[in-house]
Amino acid sequence: MSRDLTTPVGQLALDLRIPNADSWEYFVVHSGVVDAVRALEHALGELERNVDSGSARFRQIVLEGGEGTGKSHLLRAIEMRAKANRLPDGWLEVIDLNTEFSARAAEDVVASFVSRYEAAQKIGALLLVEINSPAPALDPELSKHLFSRLRAGEIVETTLPSESEVRAVVASVMERMNLRLPESAITYLETRLPLNPRSFTELLRVVDEVSLREGRRIGRQLVGRVLRSKGQEL
């Protein structure tokens, strides 16, 4: 059951988010990720059959696209599905280069990627990688080591959902966060934010925090205040 934030909440801030929020159940297959979903589902099924028969072969799929297209959620959902299907450890390797580059020095990220790439290649594992587009600017030598390997695999582009699909994606985000907003607040956001799920997710996190901290209900007034504090034009 989702937490109803159309009525006041108490001051006690509990983490009421649902478990397994990144599972396949909460992933919205919009038009910008259809090709990626097909490629990953086919690759995982092929890997599971080949592991069982002892004929696994190395394969790399790179999801490339802008922020908010669903790359991270999709890869985590596929990873959770592999675990649920009892795929033996080591046969599926998932690398989020965006998170890696934001947390570590570029030299360390590239060295780690090359090591994991070669390890997966050696045993015939499935390597799934995500990277934003445009990619980060790197030293030419580092760029050569990284992109020569990325381009050797299958590259699948992801794009943002269409305008008509954004509402479904936002509804999934709210369900994963265990939130329920009044329709007026959602419509208010849609007219004031870029139609990018990442924008909604980031703003909803702040709205949720403020609501819990202040014991206030979520409505247009609170949403508007958070928007103003983030420098958004109303």
# chains A, B, ... in the order shown; residues from 1 in each chain; ligands from 1

$ select_by_dssp --residues "range 58-215 of chain A" --states "strand (DSSP E or B)" --output "list of chain:residue names"
A:Arg59, A:Gln60, A:Ile61, A:Val62, A:Leu63, A:Glu64, A:Gly65, A:Leu92, A:Glu93, A:Val94, A:Ile95, A:Asp96, A:Leu126, A:Leu127, A:Leu128, A:Val129, A:Glu130, A:Ile131, A:Asn132, A:Glu154, A:Ile155, A:Val156, A:Glu157, A:Thr158, A:Leu179, A:Arg180

$ residues_around --residues "Gly32 in chain A" --least-positions-apart "4" --cutoff "9 Å" --atoms "only C-alpha atoms" --output "PyMOL selection string"
chain A and resi 36+69-70+157-162

$ write_last_selection --atoms "N, CA and C atoms" --output "PDB file, in the first residue's frame"
ATOM      1  N   ALA A  36      16.423  -1.900 -26.220  1.00  0.00           N
ATOM      2  CA  ALA A  36      17.298  -2.342 -25.139  1.00  0.00           C
ATOM      3  C   ALA A  36      16.691  -3.521 -24.389  1.00  0.00           C
ATOM      4  N   THR A  69      16.665   8.048 -19.151  1.00  0.00           N
ATOM      5  CA  THR A  69      16.045   7.170 -20.154  1.00  0.00           C
ATOM      6  C   THR A  69      15.668   5.805 -19.579  1.00  0.00           C
ATOM      7  N   GLY A  70      16.228   5.444 -18.415  1.00  0.00           N
ATOM      8  CA  GLY A  70      15.880   4.168 -17.793  1.00  0.00           C
ATOM      9  C   GLY A  70      16.986   3.128 -17.820  1.00  0.00           C
ATOM     10  N   GLU A 157      21.069   2.196 -28.236  1.00  0.00           N
ATOM     11  CA  GLU A 157      20.752   3.557 -27.805  1.00  0.00           C
ATOM     12  C   GLU A 157      19.418   3.591 -27.066  1.00  0.00           C
ATOM     13  N   THR A 158      19.383   4.341 -25.974  1.00  0.00           N
ATOM     14  CA  THR A 158      18.133   4.556 -25.252  1.00  0.00           C
ATOM     15  C   THR A 158      17.777   6.039 -25.342  1.00  0.00           C
ATOM     16  N   THR A 159      16.491   6.317 -25.396  1.00  0.00           N
ATOM     17  CA  THR A 159      16.023   7.701 -25.472  1.00  0.00           C
ATOM     18  C   THR A 159      14.925   7.921 -24.443  1.00  0.00           C
ATOM     19  N   LEU A 160      14.585   9.178 -24.219  1.00  0.00           N
ATOM     20  CA  LEU A 160      13.550   9.512 -23.250  1.00  0.00           C
ATOM     21  C   LEU A 160      12.182   9.030 -23.717  1.00  0.00           C
ATOM     22  N   PRO A 161      11.284   8.789 -22.767  1.00  0.00           N
ATOM     23  CA  PRO A 161       9.919   8.427 -23.163  1.00  0.00           C
ATOM     24  C   PRO A 161       9.246   9.585 -23.884  1.00  0.00           C
ATOM     25  N   SER A 162       8.243   9.257 -24.683  1.00  0.00           N
ATOM     26  CA  SER A 162       7.496  10.302 -25.366  1.00  0.00           C
ATOM     27  C   SER A 162       6.659  11.076 -24.350  1.00  0.00           C
TER      28      SER A 162
END

$ closest_residue --among "A:Leu193, A:Leu126, A:Val62, A:Val210" --to "Leu222 in chain A" --atoms "only C-alpha atoms"
A:Val210

$ residues_around --residues "Ile123 in chain A" --least-positions-apart "4" --cutoff "10 Å" --atoms "only C-alpha atoms" --output "ChimeraX atom specification"
/A:56-58,90-91,118-119

$ write_last_selection --atoms "N, CA and C atoms" --output "mmCIF file, in the first residue's frame"
data_model
loop_
_atom_site.group_PDB
_atom_site.id
_atom_site.type_symbol
_atom_site.label_atom_id
_atom_site.label_comp_id
_atom_site.auth_asym_id
_atom_site.auth_seq_id
_atom_site.Cartn_x
_atom_site.Cartn_y
_atom_site.Cartn_z
ATOM 1 N N ALA A 56 28.898 -21.335 -23.035
ATOM 2 C CA ALA A 56 28.772 -19.887 -22.900
ATOM 3 C C ALA A 56 29.855 -19.170 -23.707
ATOM 4 N N ARG A 57 29.498 -18.060 -24.294
ATOM 5 C CA ARG A 57 30.455 -17.251 -25.044
ATOM 6 C C ARG A 57 30.327 -15.795 -24.621
ATOM 7 N N PHE A 58 31.423 -15.060 -24.680
ATOM 8 C CA PHE A 58 31.440 -13.674 -24.240
ATOM 9 C C PHE A 58 30.546 -12.806 -25.123
ATOM 10 N N GLY A 90 29.070 -14.796 -11.372
ATOM 11 C CA GLY A 90 30.199 -14.584 -12.265
ATOM 12 C C GLY A 90 29.864 -14.568 -13.737
ATOM 13 N N TRP A 91 28.682 -15.060 -14.095
ATOM 14 C CA TRP A 91 28.329 -15.145 -15.517
ATOM 15 C C TRP A 91 27.695 -13.870 -16.049
ATOM 16 N N GLU A 118 38.172 -8.011 -19.377
ATOM 17 C CA GLU A 118 39.015 -9.162 -19.726
ATOM 18 C C GLU A 118 38.633 -10.404 -18.943
ATOM 19 N N ALA A 119 38.230 -10.228 -17.679
ATOM 20 C CA ALA A 119 37.794 -11.374 -16.870
ATOM 21 C C ALA A 119 36.511 -11.983 -17.446
#

$ closest_residue --among "A:Asp96, A:Ser229, A:Leu179, A:Ala43" --to "Leu212 in chain A" --atoms "only C-alpha atoms"
A:Leu179

$ closest_residue --among "A:Leu227, A:Val170, A:Val33, A:Ile78" --to "Leu128 in chain A" --atoms "only C-alpha atoms"
A:Ile78

$ closest_residue --among "A:Ala82, A:Ala111, A:Val28, A:Leu189" --to "Lys144 in chain A" --atoms "only C-alpha atoms"
A:Ala111

$ atom_distance --atom1 "CA of Leu40 in chain A" --atom2 "CA of Glu202 in chain A"
26.8 Å

$ closest_residue --among "A:Ser172, A:Ser31, A:Asn132, A:Asn98" --to "Thr201 in chain A" --atoms "only C-alpha atoms"
A:Ser172

$ residues_around --residues "Tyr117 in chain A" --least-positions-apart "3" --cutoff "12 Å" --atoms "only C-alpha atoms" --output "PyMOL selection string"
chain A and resi 58-61+92-95+109-114+120-129+145-150+152-153

$ residues_around --residues "Tyr188 in chain A" --least-positions-apart "2" --cutoff "12 Å" --atoms "only C-alpha atoms" --output "list of chain:residue names"
A:Leu181, A:Pro182, A:Glu183, A:Ser184, A:Ala185, A:Ile186, A:Glu190, A:Thr191, A:Arg192, A:Leu193, A:Phe200, A:Gly219, A:Arg220, A:Gln221, A:Leu222, A:Val223, A:Gly224, A:Leu227, A:Leu234

$ write_last_selection --atoms "C-alpha atoms" --output "compact mmCIF listing (two decimals), in the first residue's frame"
# COMPACT_ATOMS: atom_id res chain seq x y z
CA LEU A 181 0.38 12.74 -4.91
CA PRO A 182 -2.88 14.44 -5.80
CA GLU A 183 -3.49 14.74 -9.53
CA SER A 184 -3.34 18.53 -9.29
CA ALA A 185 0.24 18.35 -7.97
CA ILE A 186 1.32 15.95 -10.73
CA GLU A 190 4.26 18.39 -15.68
CA THR A 191 3.80 22.00 -16.75
CA ARG A 192 6.92 23.21 -14.96
CA LEU A 193 9.57 20.50 -15.33
CA PHE A 200 10.65 14.25 -11.56
CA GLY A 219 0.03 19.53 -2.58
CA ARG A 220 0.59 22.32 -5.07
CA GLN A 221 1.74 24.71 -2.34
CA LEU A 222 4.53 22.45 -1.07
CA VAL A 223 5.55 21.37 -4.57
CA GLY A 224 5.71 25.01 -5.66
CA LEU A 227 10.42 24.17 -7.13
CA LEU A 234 7.09 28.67 -12.33

$ select_by_dssp --residues "range 29-141 of chain A" --states "alpha helix (DSSP H)" --output "MDAnalysis selection string"
chainID A and resid 34:53 71:84 97:103 106:123 140:141

$ write_last_selection --atoms "C-alpha atoms" --output "PDB file, in the first residue's frame"
ATOM      1  CA  VAL A  34      12.120  -1.164 -26.405  1.00  0.00           C
ATOM      2  CA  ASP A  35      15.249  -2.153 -28.341  1.00  0.00           C
ATOM      3  CA  ALA A  36      17.298  -2.342 -25.139  1.00  0.00           C
ATOM      4  CA  VAL A  37      14.730  -4.553 -23.420  1.00  0.00           C
ATOM      5  CA  ARG A  38      14.630  -6.944 -26.372  1.00  0.00           C
ATOM      6  CA  ALA A  39      18.423  -7.132 -26.578  1.00  0.00           C
ATOM      7  CA  LEU A  40      18.887  -7.757 -22.852  1.00  0.00           C
ATOM      8  CA  GLU A  41      16.115 -10.317 -22.539  1.00  0.00           C
ATOM      9  CA  HIS A  42      17.456 -12.235 -25.528  1.00  0.00           C
ATOM     10  CA  ALA A  43      21.033 -12.080 -24.244  1.00  0.00           C
ATOM     11  CA  LEU A  44      20.075 -13.256 -20.747  1.00  0.00           C
ATOM     12  CA  GLY A  45      18.010 -16.141 -22.104  1.00  0.00           C
ATOM     13  CA  GLU A  46      20.861 -17.157 -24.402  1.00  0.00           C
ATOM     14  CA  LEU A  47      23.343 -16.968 -21.524  1.00  0.00           C
ATOM     15  CA  GLU A  48      21.214 -19.147 -19.255  1.00  0.00           C
ATOM     16  CA  ARG A  49      20.872 -21.799 -21.966  1.00  0.00           C
ATOM     17  CA  ASN A  50      24.573 -21.712 -22.810  1.00  0.00           C
ATOM     18  CA  VAL A  51      25.682 -21.930 -19.177  1.00  0.00           C
ATOM     19  CA  ASP A  52      23.481 -25.000 -18.717  1.00  0.00           C
ATOM     20  CA  SER A  53      24.968 -26.607 -21.826  1.00  0.00           C
ATOM     21  CA  LYS A  71      19.304   2.572 -18.311  1.00  0.00           C
ATOM     22  CA  SER A  72      20.111   2.071 -14.637  1.00  0.00           C
ATOM     23  CA  HIS A  73      16.722   0.686 -13.659  1.00  0.00           C
ATOM     24  CA  LEU A  74      16.697  -1.661 -16.641  1.00  0.00           C
ATOM     25  CA  LEU A  75      20.119  -3.117 -15.852  1.00  0.00           C
ATOM     26  CA  ARG A  76      19.289  -3.565 -12.167  1.00  0.00           C
ATOM     27  CA  ALA A  77      16.023  -5.274 -13.132  1.00  0.00           C
ATOM     28  CA  ILE A  78      17.842  -7.665 -15.475  1.00  0.00           C
ATOM     29  CA  GLU A  79      20.417  -8.368 -12.766  1.00  0.00           C
ATOM     30  CA  MET A  80      17.655  -9.168 -10.265  1.00  0.00           C
ATOM     31  CA  ARG A  81      15.956 -11.430 -12.804  1.00  0.00           C
ATOM     32  CA  ALA A  82      19.204 -13.337 -13.345  1.00  0.00           C
ATOM     33  CA  LYS A  83      19.519 -13.906  -9.592  1.00  0.00           C
ATOM     34  CA  ALA A  84      15.884 -15.003  -9.359  1.00  0.00           C
ATOM     35  CA  LEU A  97      30.233   3.740 -15.830  1.00  0.00           C
ATOM     36  CA  ASN A  98      28.258   6.875 -14.953  1.00  0.00           C
ATOM     37  CA  THR A  99      28.388   6.112 -11.240  1.00  0.00           C
ATOM     38  CA  GLU A 100      32.000   4.991 -11.518  1.00  0.00           C
ATOM     39  CA  PHE A 101      33.145   8.231 -13.168  1.00  0.00           C
ATOM     40  CA  SER A 102      31.260  10.356 -10.613  1.00  0.00           C
ATOM     41  CA  ALA A 103      32.927   8.601  -7.676  1.00  0.00           C
ATOM     42  CA  ALA A 106      39.133   8.399 -14.498  1.00  0.00           C
ATOM     43  CA  GLU A 107      42.363   6.358 -14.503  1.00  0.00           C
ATOM     44  CA  ASP A 108      40.984   4.024 -11.841  1.00  0.00           C
ATOM     45  CA  VAL A 109      37.643   3.659 -13.604  1.00  0.00           C
ATOM     46  CA  VAL A 110      39.223   2.718 -16.923  1.00  0.00           C
ATOM     47  CA  ALA A 111      41.701   0.313 -15.298  1.00  0.00           C
ATOM     48  CA  SER A 112      38.889  -1.384 -13.390  1.00  0.00           C
ATOM     49  CA  PHE A 113      36.728  -1.621 -16.515  1.00  0.00           C
ATOM     50  CA  VAL A 114      39.531  -3.178 -18.573  1.00  0.00           C
ATOM     51  CA  SER A 115      40.180  -5.738 -15.824  1.00  0.00           C
ATOM     52  CA  ARG A 116      36.506  -6.696 -15.532  1.00  0.00           C
ATOM     53  CA  TYR A 117      36.106  -6.748 -19.309  1.00  0.00           C
ATOM     54  CA  GLU A 118      39.015  -9.162 -19.726  1.00  0.00           C
ATOM     55  CA  ALA A 119      37.794 -11.374 -16.870  1.00  0.00           C
ATOM     56  CA  ALA A 120      34.317 -11.608 -18.432  1.00  0.00           C
ATOM     57  CA  GLN A 121      35.824 -12.265 -21.841  1.00  0.00           C
ATOM     58  CA  LYS A 122      37.980 -15.071 -20.463  1.00  0.00           C
ATOM     59  CA  ILE A 123      35.091 -17.104 -19.037  1.00  0.00           C
ATOM     60  CA  PRO A 140      43.237  10.351 -25.339  1.00  0.00           C
ATOM     61  CA  GLU A 141      45.075   7.277 -24.054  1.00  0.00           C
TER      62      GLU A 141
END
